[in-house]
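Participant: Next comes query_18.pdb, PDB, C-alpha atoms, pLDDT in the B column:
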```
ATOM      1  CA  LEU F   1      33.271  -8.197  -5.698  1.00 60.00           C
ATOM      2  CA  ALA F   2      35.739  -5.575  -6.819  1.00 69.00           C
ATOM      3  CA  THR F   3      38.780  -3.768  -5.501  1.00 78.00           C
ATOM      4  CA  THR F   4      37.094  -0.339  -5.822  1.00 81.00           C
ATOM      5  CA  PRO F   5      33.522   0.764  -5.017  1.00 82.00           C
ATOM      6  CA  HIS F   6      31.132   1.038  -7.977  1.00 85.00           C
ATOM      7  CA  LYS F   7      30.449   4.676  -8.889  1.00 89.00           C
ATOM      8  CA  GLU F   8      26.706   4.122  -9.510  1.00 87.00           C
ATOM      9  CA  ALA F   9      26.060   1.903  -6.484  1.00 88.00           C
ATOM     10  CA  LEU F  10      23.208   2.605  -4.090  1.00 84.00           C
ATOM     11  CA  VAL F  11      25.312   1.031  -1.348  1.00 83.00           C
ATOM     12  CA  ASN F  12      28.941  -0.043  -1.204  1.00 84.00           C
ATOM     13  CA  ALA F  13      30.305  -2.292   1.516  1.00 83.00           C
ATOM     14  CA  ARG F  14      33.955  -3.029   2.061  1.00 83.00           C
ATOM     15  CA  CYS F  15      35.179  -6.398   3.260  1.00 82.00           C
ATOM     16  CA  GLY F  16      38.927  -6.309   3.694  1.00 86.00           C
ATOM     17  CA  GLU F  17      40.349  -5.237   0.341  1.00 84.00           C
ATOM     18  CA  LEU F  18      37.178  -6.107  -1.624  1.00 83.00           C
ATOM     19  CA  TRP F  19      34.027  -4.108  -2.291  1.00 84.00           C
ATOM     20  CA  ALA F  20      30.470  -5.393  -2.723  1.00 82.00           C
ATOM     21  CA  SER F  21      28.147  -2.927  -4.477  1.00 84.00           C
ATOM     22  CA  LEU F  22      24.354  -2.782  -4.751  1.00 84.00           C
ATOM     23  CA  VAL F  23      23.875  -1.528  -8.321  1.00 87.00           C
ATOM     24  CA  PRO F  24      20.479  -0.779  -9.904  1.00 87.00           C
ATOM     25  CA  LEU F  25      19.651  -2.860 -12.987  1.00 88.00           C
ATOM     26  CA  ASP F  26      17.475  -1.797 -15.878  1.00 91.00           C
ATOM     27  CA  PHE F  27      15.389  -4.773 -17.039  1.00 91.00           C
ATOM     28  CA  ASP F  28      11.925  -5.612 -18.329  1.00 95.00           C
ATOM     29  CA  LEU F  29       9.957  -6.827 -15.300  1.00 93.00           C
ATOM     30  CA  THR F  30       7.159  -8.298 -17.435  1.00 95.00           C
ATOM     31  CA  ASP F  31       9.625 -10.479 -19.368  1.00 96.00           C
ATOM     32  CA  TRP F  32      11.364 -11.489 -16.144  1.00 94.00           C
ATOM     33  CA  LEU F  33       8.072 -12.459 -14.470  1.00 95.00           C
ATOM     34  CA  THR F  34       7.122 -14.582 -17.489  1.00 96.00           C
ATOM     35  CA  SER F  35      10.350 -16.546 -17.037  1.00 96.00           C
ATOM     36  CA  PHE F  36       9.992 -16.631 -13.244  1.00 96.00           C
ATOM     37  CA  ASP F  37       6.456 -18.034 -13.475  1.00 96.00           C
ATOM     38  CA  ARG F  38       7.602 -20.704 -15.928  1.00 96.00           C
ATOM     39  CA  TRP F  39      10.467 -21.780 -13.647  1.00 96.00           C
ATOM     40  CA  TRP F  40       8.551 -21.443 -10.357  1.00 95.00           C
ATOM     41  CA  PRO F  41       4.795 -21.830 -10.875  1.00 94.00           C
ATOM     42  CA  SER F  42       2.251 -20.434  -8.421  1.00 94.00           C
ATOM     43  CA  GLY F  43       2.285 -22.342  -5.146  1.00 94.00           C
ATOM     44  CA  THR F  44       5.939 -23.394  -5.277  1.00 95.00           C
ATOM     45  CA  ALA F  45       8.218 -22.342  -2.431  1.00 93.00           C
ATOM     46  CA  ALA F  46      10.090 -19.813  -4.607  1.00 91.00           C
ATOM     47  CA  ALA F  47       6.878 -18.279  -5.945  1.00 94.00           C
ATOM     48  CA  ILE F  48       5.513 -17.910  -2.422  1.00 91.00           C
ATOM     49  CA  SER F  49       8.780 -16.473  -1.077  1.00 89.00           C
ATOM     50  CA  TYR F  50       9.895 -14.196  -3.902  1.00 93.00           C
ATOM     51  CA  ARG F  51       7.238 -13.263  -6.445  1.00 93.00           C
ATOM     52  CA  ASP F  52       5.508 -10.616  -4.322  1.00 91.00           C
ATOM     53  CA  ARG F  53       8.869  -8.982  -3.577  1.00 90.00           C
ATOM     54  CA  LEU F  54       9.721  -8.922  -7.283  1.00 90.00           C
ATOM     55  CA  VAL F  55       6.434  -7.174  -8.079  1.00 91.00           C
ATOM     56  CA  ASN F  56       6.065  -4.915  -5.025  1.00 90.00           C
ATOM     57  CA  GLY F  57       9.594  -4.543  -3.673  1.00 87.00           C
ATOM     58  CA  THR F  58      10.518  -4.834  -0.020  1.00 84.00           C
ATOM     59  CA  SER F  59      10.427  -2.548   2.972  1.00 85.00           C
ATOM     60  CA  LEU F  60      14.226  -2.383   2.894  1.00 77.00           C
ATOM     61  CA  ALA F  61      15.980   0.884   2.149  1.00 77.00           C
ATOM     62  CA  PRO F  62      19.589   1.034   0.904  1.00 69.00           C
ATOM     63  CA  SER F  63      20.687   2.183   4.367  1.00 73.00           C
ATOM     64  CA  ASP F  64      19.284  -1.062   5.816  1.00 75.00           C
ATOM     65  CA  LEU F  65      21.771  -3.028   3.721  1.00 67.00           C
ATOM     66  CA  LEU F  66      24.974  -1.592   5.142  1.00 63.00           C
ATOM     67  CA  ILE F  67      27.245  -4.166   6.713  1.00 56.00           C
TER      68      ILE F  67
END
```
Can you present the structure in this file as structure tokens?
Facilitator:
Amino acid sequence: LATTPHKEALVNARCGELWASLVPLDFDLTDWLTSFDRWWPSGTAAAISYRDRLVNGTSLAPSDLLI
């Protein structure tokens, strides 16, 4: 949370005097999935809930995230 909106945010939401910003991150998905699979192997609750979204994204658009 910050006191000003982030300039590169896809979405900014204000809550009182604070701002929450959805900011894109540049990262290596292959490296991240290697770690993810080590921490949450296939069949675990986290793997079932999150892995597909990490690989394929979600149906959400930034406008869906406005509060």
Participant: Would you compute, for all listed atoms of segment 44-48 of chain F, the axis-aligned bounding box grown by 3 Å on each side, and then report its centre and edge lengths in Å rounded to one decimal, as lines of an AutoDock Vina configuration file?
Facilitator:
```
center_x = 7.8
center_y = -20.7
center_z = -4.2
size_x = 10.6
size_y = 11.5
size_z = 9.5
```
Participant: Write out as a PyMOL selection string which residues come within 10 Å of segment 31-36 of chain F when counting all atoms listed in the file, dropping same-chain ones fewer than 2 positions away.
Facilitator: chain F and resi 27-29+38-42+46-47+50-51+54-55
Participant: F:Leu25, F:Leu18, F:Ala45, F:Val11: which is nearest Ser63 of chain F, counting all atoms listed in the file?
Facilitator: F:Val11
Participant: Provide the atom CA of Asn56 of chain F to atom CA of Ala9 of chain F distance in Å, to one decimal place.
Facilitator: 21.2 Å
Participant: If the PyMOL selection byres ((chain F and resi 23) around 6) is run on the structure shown, which residues does it catch, given as a list of chain:residue names?
Facilitator: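 So the PyMOL selection byres ((chain F and resi 23) around 6), applied here, picks out F:Ala9, F:Leu10, F:Ser21, F:Leu22, F:Pro24.
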Participant: Just give me the residues with any atom within 8 Å of (36.9, -3.1, -1.4), file coordinates, counting all atoms listed in the file, written as an mmCIF file with C-alpha atoms, in the coordinates of the input.
Facilitator:
```
data_model
loop_
_atom_site.group_PDB
_atom_site.id
_atom_site.type_symbol
_atom_site.label_atom_id
_atom_site.label_comp_id
_atom_site.auth_asym_id
_atom_site.auth_seq_id
_atom_site.Cartn_x
_atom_site.Cartn_y
_atom_site.Cartn_z
ATOM 1 C CA LEU F 1 33.271 -8.197 -5.698
ATOM 2 C CA ALA F 2 35.739 -5.575 -6.819
ATOM 3 C CA THR F 3 38.780 -3.768 -5.501
ATOM 4 C CA THR F 4 37.094 -0.339 -5.822
ATOM 5 C CA PRO F 5 33.522 0.764 -5.017
ATOM 6 C CA ALA F 13 30.305 -2.292 1.516
ATOM 7 C CA ARG F 14 33.955 -3.029 2.061
ATOM 8 C CA CYS F 15 35.179 -6.398 3.260
ATOM 9 C CA GLY F 16 38.927 -6.309 3.694
ATOM 10 C CA GLU F 17 40.349 -5.237 0.341
ATOM 11 C CA LEU F 18 37.178 -6.107 -1.624
ATOM 12 C CA TRP F 19 34.027 -4.108 -2.291
ATOM 13 C CA ALA F 20 30.470 -5.393 -2.723
#
```
